[in-house]
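Enquirer: Have a look at the structure that comes next, please.
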Amino acid sequence: MPIEIMTLSLSAKNVVKHYGGVVALSDGNLEISSGEVVALIGANGSGKSTLSKVINGVVVLDGGQLLLDGKPLLFASPQDAKKIGISTVFQELSLIPQMTVADNIWLTREPLGALGRVNRKEVFAKTEELLALFAGMFKTELRPDELVADLPSDEKQIIEILKAVSFDPRLLILDEATASLDSRQVQRLFELVVKWKEEGKAIVFISHRMEEIFRIADRYSVLRNGKTVGAGNMKEITEKDLVKLMVDKDSVFSFARSGAKASEKPVCLEVKDLHSAVLRGVSLDVHEGELVGIGGLQGQGQRDLLLSLFGDIPFSGTIQYKGKAVHFRHPRQAMKSGFALVPGDRAREGLLYIRSILENFQLPSWARYGFPLKMNKAKKDAGQMSARLNLVMASLQEPVSSLSGGNAQKVVIGKWLMRQPYLLLLDDPTKGVDVGTKAEFYGLLTKLADEGKTILFYSSDDEELVGLCDRVLVLYDGKIHTELAGEALTKENLVSASLGVANGGVQ
Amino acid sequence: MKRYTWNALLVRYPALFALILLLVAILINFILQPNLFAGDNLNSNMRVFLPIILLTVGQAVVILGGGIDISVGAIVSIINAVLATRVGLSGSPQAMWQYMAAALLMGVLAGALNGFCVAYLRLQPIITTYATSFLYGGLALFILPNPGGGIPASIVEIYRNSTPIGLPLAFFVIAIVLGIWLYLRSTRYGNFLYAVGGKAQAAYETAVPVTWVQFSTYVISGLMAAFSGIAITMLSGAGNAEIGAAMTLNSITAVVIGGTALSGGVGGVAGPMMGAITLGLFQNIVSFAHINTWWETLVKALIIVAALATPGIINLFRRRT
């Protein structure tokens, strides 16, 4: 790479940031100069987003400092950061759904005409110019006057990227900008990143996808539990070593299920010809103590299957549970029979974010604590559960919103374990959970199955289905397309079955 | 071509539903009262509607920006009390103009206090303005404990019977307000307003001056409440410290009927203006249908509930099919 005149160099040194009692960042460091791409890597909850929000002025740091070209900087608001040329693609997007694409991109920098009126023509023209950067990447023609709310998630993501670029920033932060893009769109983004780099922009790249990091980044900086634990050139490190830095644990799948064959045990759940709005005739048997995976592409009916079993949505078909026919019409009935559902969207369905950890743990179980509630016993039980789950928290009284993603998910699982259920229905419980916590989950699930609990486990992560489950049922278009077990249960077979291709296993 | 959903249509043309409702209300009113548009009737209706229309405009701006202002009625009362006591029935027109200017300033100050509490101290809008409504309402009662006082008849005459080029005065006021709104809407401030109401966090991250925009909406609302107070005083010619009390809820209802979402960021000001007129027409319909006064409130409320529920009912049927 040719040596260029460095037009910007920003460094964050020993940055500290607390949210309530939880330390999000205890020693965050980052160095970046014009013309390079630095990957900020770390498991969920390691402080990547917090560090990027310190750099772009969205949150104010509690300790440490930011240096621009060696001079200390203090941001009171995002405006200050924008002024010196820092713009961000936010993970949760900074778009206003009810506004048009053009208005969103040029918000705060609208070209003005006579009397301070926004020159819509020019806004549209400039938007078209930007949209051309991703020409051919939209499913339908994307017009500048379309509402952001009407766009699919990948197009929203592209608009967020274009919005950040429209500032013509000197430093661009891409926080999980590729998460909802397809491979062609990622390819185009990377071409643009290379171009921007040559133009002298500095780019911070945050991603979970290792392959992308190796493709695009020049240097890396690894965060673990709020501390920067390593930094250097991408060329001098391997994928394996990076992961090691991130998790400090070698292998995630080091569990072998105990030899006992679950299929010899009695059938616990028998489902016949289940129909719902999405399901088109699903039949399955699950044995006691079996860990059955549900696979397939997203939206093939996995969610409907779990929700029907839990009595959350209307369905037709017969369900036999422990030899008795059941047809739940309300989750309350399912809970009474010993069912538990860990829902897929923990923010909306799994937790009361602003309420305390204690309340969240006890929400399904309050009935057991009498009237008036035996608070001391409730606290003791919740405390035991959080110790069992190895929950990292300030105290039981803190709101769940103070926890990181992985720890919040532990609360969702814990609140159902408090009821000691027989049958666990899990809807993608490891989504957005860091590698370390995932490993803990796997250990927990294996142990629960060995104790005789029956588990139906949907996951969007093929690797964990293969590594963890006794059997995997692959759903495709509302039906069980393939059942994979034993030798046939490989990642390759799972992927091809997900795509509706016949390959190994029982159909 | 992408097909627009009913919701998208409402987001794009928020006044559409309000317009349909207004036309229906006019039609029913016209059937019951065939001389609705004849002679003096148009003017006598419009001059009654104008105060609530003005109040609704301010309320709509606050709601668009993601807040709500419960104190507008109390600001109307305080303006009415001040004008009725300071100008007096036998006062000079000159004093009236002076106190009108003072009234506008008071409206701005009252709005600024609301805005300061909500935007800078980050208090809950609904609680804050509910509390300040007692402050303003109490002040109005302090100034004018019993109904009385008033303004010169000549001023009342101007408001009630001016019909430049044969059209009611209210039409011109509405046209001016609408013009100012359309201008404001087309400026950067207009974009900021929708952004802050739509998703304040995203607007903040985009470096929109969120706090300042929120503050400004309450100032505008206070100013519009002052205009409304002046209009209602000129309409009645008399003072009553509780004259605005019932207007707050009407202004919020008019905003919602006008297609501006209480959640903020969706809608406009034209729709709520139509909503305010619709509310006034409902009142007419109820009285012209010779409904016993006992039932009047109930019938009026039923019509409002039905109007509010219609978009939801339409959606319900769309989901079924």
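We name chains A, B, ... following the order of the structure tokens; residues begin at 1 in each chain, and ligands are numbered from 1 as shown.
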I need the helix (DSSP H, G or I) residues of range 209-396 of chain A per DSSP on the backbone, written as JSON, numbers by chain.

Expert: {"A": [210, 211, 212, 213, 214, 215, 216, 234, 235, 236, 239, 240, 241, 242, 243, 244, 245, 246, 247, 262, 263, 264, 302, 303, 304, 305, 306, 307, 308, 309, 331, 332, 333, 334, 335, 336, 346, 347, 348, 349, 350, 357, 358, 359, 360, 361, 362, 366, 367, 368, 369, 375, 376, 377, 378, 379, 380, 381, 382, 383, 384, 385, 386, 387, 388]}

Enquirer: Selected residues, C-alpha atoms, written as a PDB file, in the first residue's frame, please.

Expert:
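Now in part24.pdb:
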ATOM      1  CA  MET A 210     -15.075 -13.656  10.277  1.00  0.00           C
ATOM      2  CA  GLU A 211     -14.810 -14.187   6.539  1.00  0.00           C
ATOM      3  CA  GLU A 212     -15.763 -10.559   5.860  1.00  0.00           C
ATOM      4  CA  ILE A 213     -13.284  -9.254   8.390  1.00  0.00           C
ATOM      5  CA  PHE A 214     -10.460 -11.084   6.653  1.00  0.00           C
ATOM      6  CA  ARG A 215     -11.638  -9.848   3.271  1.00  0.00           C
ATOM      7  CA  ILE A 216     -11.811  -6.158   4.027  1.00  0.00           C
ATOM      8  CA  MET A 234      -4.804  -8.804   9.789  1.00  0.00           C
ATOM      9  CA  LYS A 235      -2.008 -10.403   7.763  1.00  0.00           C
ATOM     10  CA  GLU A 236      -0.292 -11.541  10.908  1.00  0.00           C
ATOM     11  CA  GLU A 239      -8.981 -16.902  12.192  1.00  0.00           C
ATOM     12  CA  LYS A 240      -8.408 -19.403  14.960  1.00  0.00           C
ATOM     13  CA  ASP A 241      -6.199 -17.068  16.949  1.00  0.00           C
ATOM     14  CA  LEU A 242      -8.710 -14.232  16.587  1.00  0.00           C
ATOM     15  CA  VAL A 243     -11.500 -16.399  17.950  1.00  0.00           C
ATOM     16  CA  LYS A 244      -9.235 -17.432  20.794  1.00  0.00           C
ATOM     17  CA  LEU A 245      -8.687 -13.780  21.657  1.00  0.00           C
ATOM     18  CA  MET A 246     -12.425 -13.148  21.543  1.00  0.00           C
ATOM     19  CA  VAL A 247     -13.651 -15.960  23.732  1.00  0.00           C
ATOM     20  CA  ALA A 262     -33.369 -41.353  24.168  1.00  0.00           C
ATOM     21  CA  SER A 263     -35.287 -43.114  21.464  1.00  0.00           C
ATOM     22  CA  GLU A 264     -35.662 -46.151  23.720  1.00  0.00           C
ATOM     23  CA  GLN A 302     -40.703 -23.179  12.847  1.00  0.00           C
ATOM     24  CA  ARG A 303     -42.149 -20.354  14.867  1.00  0.00           C
ATOM     25  CA  ASP A 304     -45.714 -21.424  14.145  1.00  0.00           C
ATOM     26  CA  LEU A 305     -44.940 -24.984  15.194  1.00  0.00           C
ATOM     27  CA  LEU A 306     -43.615 -23.915  18.589  1.00  0.00           C
ATOM     28  CA  LEU A 307     -46.377 -21.371  19.138  1.00  0.00           C
ATOM     29  CA  SER A 308     -49.113 -23.907  18.249  1.00  0.00           C
ATOM     30  CA  LEU A 309     -47.700 -26.421  20.699  1.00  0.00           C
ATOM     31  CA  PRO A 331     -50.407 -20.553  26.957  1.00  0.00           C
ATOM     32  CA  ARG A 332     -51.720 -20.783  30.537  1.00  0.00           C
ATOM     33  CA  GLN A 333     -53.009 -24.306  29.833  1.00  0.00           C
ATOM     34  CA  ALA A 334     -49.698 -25.333  28.272  1.00  0.00           C
ATOM     35  CA  MET A 335     -47.777 -23.956  31.257  1.00  0.00           C
ATOM     36  CA  LYS A 336     -49.956 -25.962  33.646  1.00  0.00           C
ATOM     37  CA  ARG A 346     -36.563 -11.531  23.599  1.00  0.00           C
ATOM     38  CA  ALA A 347     -37.080  -7.768  23.591  1.00  0.00           C
ATOM     39  CA  ARG A 348     -40.748  -8.024  22.641  1.00  0.00           C
ATOM     40  CA  GLU A 349     -41.879 -11.398  23.881  1.00  0.00           C
ATOM     41  CA  GLY A 350     -39.339 -12.632  26.375  1.00  0.00           C
ATOM     42  CA  ILE A 357     -34.272  -9.091  36.954  1.00  0.00           C
ATOM     43  CA  LEU A 358     -36.101 -10.534  39.960  1.00  0.00           C
ATOM     44  CA  GLU A 359     -39.529  -9.702  38.542  1.00  0.00           C
ATOM     45  CA  ASN A 360     -38.600 -11.129  35.174  1.00  0.00           C
ATOM     46  CA  PHE A 361     -37.412 -14.365  36.729  1.00  0.00           C
ATOM     47  CA  GLN A 362     -40.570 -14.720  38.788  1.00  0.00           C
ATOM     48  CA  TRP A 366     -45.652 -15.669  41.257  1.00  0.00           C
ATOM     49  CA  ALA A 367     -48.657 -17.913  41.931  1.00  0.00           C
ATOM     50  CA  ARG A 368     -46.417 -20.219  43.959  1.00  0.00           C
ATOM     51  CA  TYR A 369     -45.399 -17.519  46.402  1.00  0.00           C
ATOM     52  CA  MET A 375     -40.587 -12.001  48.821  1.00  0.00           C
ATOM     53  CA  ASN A 376     -37.630 -13.448  50.666  1.00  0.00           C
ATOM     54  CA  LYS A 377     -38.230 -16.883  49.227  1.00  0.00           C
ATOM     55  CA  ALA A 378     -38.751 -15.391  45.772  1.00  0.00           C
ATOM     56  CA  LYS A 379     -35.448 -13.539  46.052  1.00  0.00           C
ATOM     57  CA  LYS A 380     -33.669 -16.632  47.283  1.00  0.00           C
ATOM     58  CA  ASP A 381     -34.990 -18.785  44.445  1.00  0.00           C
ATOM     59  CA  ALA A 382     -34.163 -16.165  41.830  1.00  0.00           C
ATOM     60  CA  GLY A 383     -30.710 -15.771  43.334  1.00  0.00           C
ATOM     61  CA  GLN A 384     -30.123 -19.523  43.079  1.00  0.00           C
ATOM     62  CA  MET A 385     -31.260 -19.534  39.480  1.00  0.00           C
ATOM     63  CA  SER A 386     -28.999 -16.642  38.545  1.00  0.00           C
ATOM     64  CA  ALA A 387     -26.067 -18.392  40.221  1.00  0.00           C
ATOM     65  CA  ARG A 388     -26.904 -21.599  38.355  1.00  0.00           C
TER      66      ARG A 388
END

Enquirer: Using only C-alpha atoms, which residues sit within 7 Å of range 418-424 of chain A once same-chain residues fewer than 6 positions away are excluded, as an mmCIF file with N, CA and C atoms, in the first residue's frame?

Expert:
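Output file selection.cif follows:
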data_model
loop_
_atom_site.group_PDB
_atom_site.id
_atom_site.type_symbol
_atom_site.label_atom_id
_atom_site.label_comp_id
_atom_site.auth_asym_id
_atom_site.auth_seq_id
_atom_site.Cartn_x
_atom_site.Cartn_y
_atom_site.Cartn_z
ATOM 1 N N GLY A 338 -46.801 -28.255 32.091
ATOM 2 C CA GLY A 338 -45.349 -28.377 32.165
ATOM 3 C C GLY A 338 -44.613 -27.986 30.902
ATOM 4 N N PHE A 339 -45.260 -27.204 30.038
ATOM 5 C CA PHE A 339 -44.584 -26.692 28.851
ATOM 6 C C PHE A 339 -43.910 -25.364 29.190
ATOM 7 N N ALA A 340 -42.855 -25.063 28.470
ATOM 8 C CA ALA A 340 -42.244 -23.734 28.580
ATOM 9 C C ALA A 340 -41.797 -23.315 27.195
ATOM 10 N N LEU A 341 -41.995 -22.029 26.873
ATOM 11 C CA LEU A 341 -41.581 -21.528 25.561
ATOM 12 C C LEU A 341 -40.617 -20.368 25.746
ATOM 13 N N SER A 365 -44.070 -17.437 37.746
ATOM 14 C CA SER A 365 -44.120 -18.287 38.947
ATOM 15 C C SER A 365 -44.743 -17.630 40.166
ATOM 16 N N LYS A 453 -35.516 -34.050 30.690
ATOM 17 C CA LYS A 453 -36.420 -33.054 30.100
ATOM 18 C C LYS A 453 -36.420 -33.236 28.591
ATOM 19 N N THR A 454 -37.549 -32.955 28.007
ATOM 20 C CA THR A 454 -37.660 -33.066 26.565
ATOM 21 C C THR A 454 -37.511 -31.672 25.971
ATOM 22 N N ILE A 455 -36.714 -31.581 24.912
ATOM 23 C CA ILE A 455 -36.437 -30.254 24.368
ATOM 24 C C ILE A 455 -36.659 -30.229 22.864
ATOM 25 N N LEU A 456 -37.461 -29.262 22.436
ATOM 26 C CA LEU A 456 -37.614 -28.976 21.012
ATOM 27 C C LEU A 456 -36.900 -27.656 20.773
#

Enquirer: For chain B, report every residue with an atom at most 10 Å from chain A (counting only C-alpha atoms), formatted as a compact mmCIF listing (two decimals) with N, CA and C atoms, in the first residue's frame.

Expert:
# COMPACT_ATOMS: atom_id res chain seq x y z
N MET B 1 -44.69 -1.08 -10.54
CA MET B 1 -45.40 -0.24 -9.55
C MET B 1 -45.58 -1.01 -8.25
N LYS B 2 -45.25 -0.36 -7.18
CA LYS B 2 -45.52 -0.99 -5.89
C LYS B 2 -46.93 -0.60 -5.45
N TYR B 4 -49.74 0.43 -2.96
CA TYR B 4 -49.75 1.10 -1.67
C TYR B 4 -50.74 0.43 -0.72
N THR B 5 -50.36 0.26 0.51
CA THR B 5 -51.29 -0.26 1.49
C THR B 5 -52.12 0.90 2.02
N ALA B 8 -50.00 2.94 4.25
CA ALA B 8 -49.04 3.79 3.54
C ALA B 8 -49.75 4.99 2.94
N VAL B 11 -50.27 7.44 5.58
CA VAL B 11 -49.04 8.13 5.93
C VAL B 11 -48.73 9.21 4.90
N ARG B 12 -48.96 8.85 3.62
CA ARG B 12 -48.66 9.78 2.55
C ARG B 12 -49.68 10.91 2.47
N TYR B 183 -45.47 26.57 4.42
CA TYR B 183 -44.11 27.10 4.31
C TYR B 183 -43.19 26.39 5.30
N LEU B 184 -43.65 26.35 6.56
CA LEU B 184 -42.85 25.73 7.63
C LEU B 184 -42.53 24.27 7.30
N ARG B 185 -43.54 23.60 6.76
CA ARG B 185 -43.41 22.19 6.41
C ARG B 185 -42.31 22.00 5.37
N SER B 186 -42.14 23.00 4.51
CA SER B 186 -41.18 22.85 3.41
C SER B 186 -39.76 23.29 3.80
N THR B 187 -39.63 23.79 5.02
CA THR B 187 -38.28 24.19 5.45
C THR B 187 -37.61 23.02 6.16
N ARG B 188 -36.37 23.24 6.53
CA ARG B 188 -35.62 22.22 7.26
C ARG B 188 -36.31 21.94 8.61
N TYR B 189 -36.87 23.01 9.20
CA TYR B 189 -37.57 22.83 10.48
C TYR B 189 -38.68 21.80 10.34
N GLY B 190 -39.41 21.85 9.22
CA GLY B 190 -40.48 20.88 8.99
C GLY B 190 -39.96 19.46 9.03
N ASN B 191 -38.85 19.22 8.36
CA ASN B 191 -38.25 17.89 8.37
C ASN B 191 -37.85 17.47 9.79
N PHE B 192 -37.27 18.42 10.52
CA PHE B 192 -36.84 18.12 11.89
C PHE B 192 -38.03 17.70 12.75
N TYR B 194 -40.88 16.29 11.88
CA TYR B 194 -41.32 14.93 11.59
C TYR B 194 -40.30 13.91 12.08
N ALA B 195 -39.02 14.25 11.98
CA ALA B 195 -37.98 13.32 12.41
C ALA B 195 -38.03 13.10 13.92
N VAL B 196 -38.18 14.19 14.66
CA VAL B 196 -38.20 14.10 16.12
C VAL B 196 -39.44 13.33 16.58
N GLY B 197 -40.58 13.62 15.94
CA GLY B 197 -41.81 12.92 16.31
C GLY B 197 -41.78 11.47 15.88
N GLY B 198 -41.12 11.19 14.76
CA GLY B 198 -41.10 9.83 14.23
C GLY B 198 -40.23 8.91 15.05
N LYS B 199 -39.00 9.34 15.34
CA LYS B 199 -38.09 8.49 16.10
C LYS B 199 -37.00 9.39 16.66
N ALA B 200 -37.22 9.85 17.88
CA ALA B 200 -36.34 10.87 18.47
C ALA B 200 -34.89 10.37 18.57
N GLN B 201 -34.72 9.09 18.92
CA GLN B 201 -33.36 8.57 19.08
C GLN B 201 -32.60 8.61 17.75
N ALA B 202 -33.27 8.18 16.68
CA ALA B 202 -32.63 8.20 15.37
C ALA B 202 -32.32 9.64 14.96
N ALA B 203 -33.24 10.57 15.26
CA ALA B 203 -33.01 11.97 14.92
C ALA B 203 -31.81 12.50 15.68
N TYR B 204 -31.69 12.12 16.95
CA TYR B 204 -30.56 12.55 17.77
C TYR B 204 -29.26 12.04 17.19
N GLU B 205 -29.27 10.78 16.78
CA GLU B 205 -28.05 10.19 16.22
C GLU B 205 -27.67 10.81 14.88
N THR B 206 -28.66 11.44 14.22
CA THR B 206 -28.40 12.10 12.95
C THR B 206 -28.03 13.57 13.17
N ALA B 207 -27.87 13.96 14.43
CA ALA B 207 -27.47 15.33 14.78
C ALA B 207 -28.58 16.35 14.55
N VAL B 208 -29.83 15.93 14.65
CA VAL B 208 -30.95 16.87 14.66
C VAL B 208 -31.02 17.47 16.07
N PRO B 209 -31.20 18.80 16.18
CA PRO B 209 -31.29 19.41 17.52
C PRO B 209 -32.63 19.05 18.19
N GLY B 264 -47.00 10.49 17.09
CA GLY B 264 -46.12 11.50 16.53
C GLY B 264 -45.52 11.12 15.19
N GLY B 265 -45.07 12.14 14.45
CA GLY B 265 -44.33 11.88 13.22
C GLY B 265 -45.16 11.58 11.99
N VAL B 266 -46.46 11.39 12.16
CA VAL B 266 -47.32 11.09 11.02
C VAL B 266 -48.48 12.06 10.99
N GLY B 267 -48.76 12.63 9.83
CA GLY B 267 -49.91 13.51 9.71
C GLY B 267 -49.51 14.90 9.30

Enquirer: Env of Thr310 in chain B: 12 Å cut, atoms = only C-alpha atoms, seq-sep filter 4 positions within chain, self excluded. Answer as an mmCIF file with N, CA and C atoms, in the first residue's frame.

Expert:
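So the final result, stored in selection.cif, reads:
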data_model
loop_
_atom_site.group_PDB
_atom_site.id
_atom_site.type_symbol
_atom_site.label_atom_id
_atom_site.label_comp_id
_atom_site.auth_asym_id
_atom_site.auth_seq_id
_atom_site.Cartn_x
_atom_site.Cartn_y
_atom_site.Cartn_z
ATOM 1 N N PHE B 17 -58.523 10.733 5.204
ATOM 2 C CA PHE B 17 -59.641 10.273 6.018
ATOM 3 C C PHE B 17 -60.405 11.456 6.597
ATOM 4 N N ALA B 18 -59.658 12.469 7.039
ATOM 5 C CA ALA B 18 -60.298 13.663 7.604
ATOM 6 C C ALA B 18 -61.183 14.336 6.568
ATOM 7 N N ILE B 20 -62.668 12.904 3.943
ATOM 8 C CA ILE B 20 -63.875 12.089 3.732
ATOM 9 C C ILE B 20 -64.882 12.358 4.848
ATOM 10 N N LEU B 21 -64.387 12.358 6.078
ATOM 11 C CA LEU B 21 -65.241 12.564 7.235
ATOM 12 C C LEU B 21 -65.896 13.944 7.198
ATOM 13 N N VAL B 256 -56.680 13.888 16.196
ATOM 14 C CA VAL B 256 -56.733 12.452 15.894
ATOM 15 C C VAL B 256 -57.685 12.177 14.731
ATOM 16 N N ILE B 257 -58.853 12.813 14.754
ATOM 17 C CA ILE B 257 -59.778 12.665 13.629
ATOM 18 C C ILE B 257 -59.107 13.132 12.344
ATOM 19 N N GLY B 259 -56.257 12.617 11.347
ATOM 20 C CA GLY B 259 -55.287 11.687 10.793
ATOM 21 C C GLY B 259 -53.869 11.883 11.283
ATOM 22 N N ILE B 303 -70.611 9.587 17.955
ATOM 23 C CA ILE B 303 -70.130 9.918 16.603
ATOM 24 C C ILE B 303 -68.611 10.006 16.594
ATOM 25 N N ILE B 304 -68.045 10.639 17.635
ATOM 26 C CA ILE B 304 -66.592 10.788 17.689
ATOM 27 C C ILE B 304 -65.916 9.425 17.800
ATOM 28 N N VAL B 305 -66.455 8.578 18.677
ATOM 29 C CA VAL B 305 -65.866 7.245 18.841
ATOM 30 C C VAL B 305 -65.922 6.482 17.524
ATOM 31 N N ALA B 306 -67.074 6.575 16.844
ATOM 32 C CA ALA B 306 -67.214 5.879 15.568
ATOM 33 C C ALA B 306 -66.193 6.402 14.563
ATOM 34 N N ILE B 314 -61.706 -0.632 9.335
ATOM 35 C CA ILE B 314 -61.342 -0.909 7.935
ATOM 36 C C ILE B 314 -60.163 -1.889 7.894
ATOM 37 N N ASN B 315 -59.166 -1.641 8.739
ATOM 38 C CA ASN B 315 -57.993 -2.523 8.781
ATOM 39 C C ASN B 315 -58.371 -3.934 9.190
ATOM 40 N N LEU B 316 -59.286 -4.026 10.154
ATOM 41 C CA LEU B 316 -59.719 -5.333 10.646
ATOM 42 C C LEU B 316 -60.302 -6.152 9.496
ATOM 43 N N PHE B 317 -61.151 -5.490 8.684
ATOM 44 C CA PHE B 317 -61.753 -6.200 7.562
ATOM 45 C C PHE B 317 -60.713 -6.554 6.512
#

Enquirer: With only C-alpha atoms as the atoms that count, which of B:Ala241, B:Pro125, B:Ile313, B:Asn284 lies nearest to Pro147 in chain B?

Expert: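 Looking at the shortest contact to Pro147 in chain B, the residue is B:Ala241.
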
Enquirer: Might you pull out every residue within 7 Å of range 168-182 of chain A, with only C-alpha atoms counted and same-chain residues fewer than 2 positions away left off, and present them as a list in words?

Expert: Gly85, Ile86, Ser87, Thr88, Val89, Phe90, Gln91, Ser153, Asp154, Gln157, Val165, Ser166, Arg184, Gln185, Val186, Lys201, Ala202, Ile203, Val204, Phe205, Ile206 and Ser207 of chain A

Enquirer: Mind checking which residues fall within 12 Å of Thr260 in chain B, counting only C-alpha atoms, ignoring those fewer than 4 positions away in the same chain, and posting them as a PyMOL selection string?

Expert: chain B and resi 10-18+56-57+59-66+68+194+197-198+251-256+264-275+308

Enquirer: Near range 161-175 of chain B, counting only C-alpha atoms, which residues have an atom at most 12 Å away, once you skip same-chain residues fewer than 4 positions from it, shown as a PyMOL selection string?

Expert: chain B and resi 37-57+153-157+179-182+227-228+231+234-235+269-270+273-274+276-277

Enquirer: In range 4-101 of chain A, what's strand (DSSP E) per DSSP? Answer as a short mmCIF file (atom, residue, chain, number, x, y, z; two decimals) with C-alpha atoms, in the first residue's frame?

Expert:
data_model
loop_
_atom_site.label_atom_id
_atom_site.label_comp_id
_atom_site.auth_asym_id
_atom_site.auth_seq_id
_atom_site.Cartn_x
_atom_site.Cartn_y
_atom_site.Cartn_z
CA SER A 9 -5.80 10.04 13.07
CA LEU A 10 -8.09 9.28 15.92
CA SER A 11 -7.35 7.29 18.98
CA ALA A 12 -9.47 6.21 21.89
CA LYS A 13 -7.41 5.51 24.98
CA ASN A 14 -8.50 3.56 28.07
CA VAL A 15 -12.16 4.44 27.52
CA VAL A 16 -14.51 3.59 30.41
CA LYS A 17 -18.31 3.58 30.18
CA HIS A 18 -20.91 2.38 32.71
CA TYR A 19 -24.62 1.88 32.17
CA VAL A 22 -22.94 -2.57 34.62
CA VAL A 23 -19.58 -1.75 33.12
CA ALA A 24 -19.96 -1.84 29.35
CA LEU A 25 -16.39 -0.75 28.68
CA SER A 26 -13.56 -0.86 31.19
CA ASP A 27 -10.53 -0.30 28.96
CA GLY A 28 -11.47 0.34 25.36
CA ASN A 29 -8.73 1.30 22.93
CA LEU A 30 -8.76 2.00 19.22
CA GLU A 31 -6.31 3.65 16.84
CA ILE A 32 -7.29 4.56 13.34
CA SER A 33 -5.87 6.74 10.58
CA VAL A 37 -9.98 -0.24 7.56
CA VAL A 38 -9.84 -1.34 11.18
CA ALA A 39 -12.01 -4.26 12.27
CA LEU A 40 -13.42 -3.94 15.76
CA ILE A 41 -14.01 -7.50 16.88
CA GLY A 42 -15.56 -9.04 19.94
CA GLY A 63 -13.21 7.81 31.75
CA GLY A 64 -10.26 7.73 29.38
CA GLN A 65 -9.95 10.06 26.42
CA LEU A 66 -10.33 10.59 22.71
CA LEU A 67 -7.44 12.11 20.79
CA LEU A 68 -7.73 13.67 17.34
CA LYS A 71 -5.16 16.65 20.67
CA PRO A 72 -7.79 15.72 23.26
CA LEU A 73 -11.41 15.82 22.11
CA ILE A 86 -17.32 11.20 11.90
CA SER A 87 -20.42 9.42 10.71
CA THR A 88 -21.91 6.07 11.60
CA VAL A 89 -23.96 3.25 10.19
#

Enquirer: Counting only C-alpha atoms, which residue out of A:Tyr321, A:Arg471, A:Cys268, A:Val222 sits closest to His208 in chain A?

Expert: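 Counting only C-alpha atoms, the residue closest to His208 in chain A is A:Val222.
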
Enquirer: Rounded to one decimal in Å, what is the spacing between CA of Tyr136 in chain B and CA of Gly91 in chain B?

Expert: 24.7 Å

Enquirer: Give me, please, the distance in Å between CA of Leu297 in chain A and CA of Asp285 in chain A, quoted to one decimal.

Expert: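 Those two atoms sit 21.5 Å apart.
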
Enquirer: Can you list, as an MDAnalysis selection string, every protein, DNA or RNA residue that comes within 8 Å of Gly281 in chain A when you count only C-alpha atoms, leaving out same-chain residues fewer than 6 positions away?

Expert: chainID A and resid 272:275 478:479

Enquirer: Out of A:Ala102, A:Glu36, A:Ser283, A:Gly70, which residue has the shortest atom-to-atom distance to Tyr220 in chain A when counting only C-alpha atoms?

Expert: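 Between A:Ala102, A:Glu36, A:Ser283, A:Gly70, the residue approaching Tyr220 in chain A most closely is A:Glu36.
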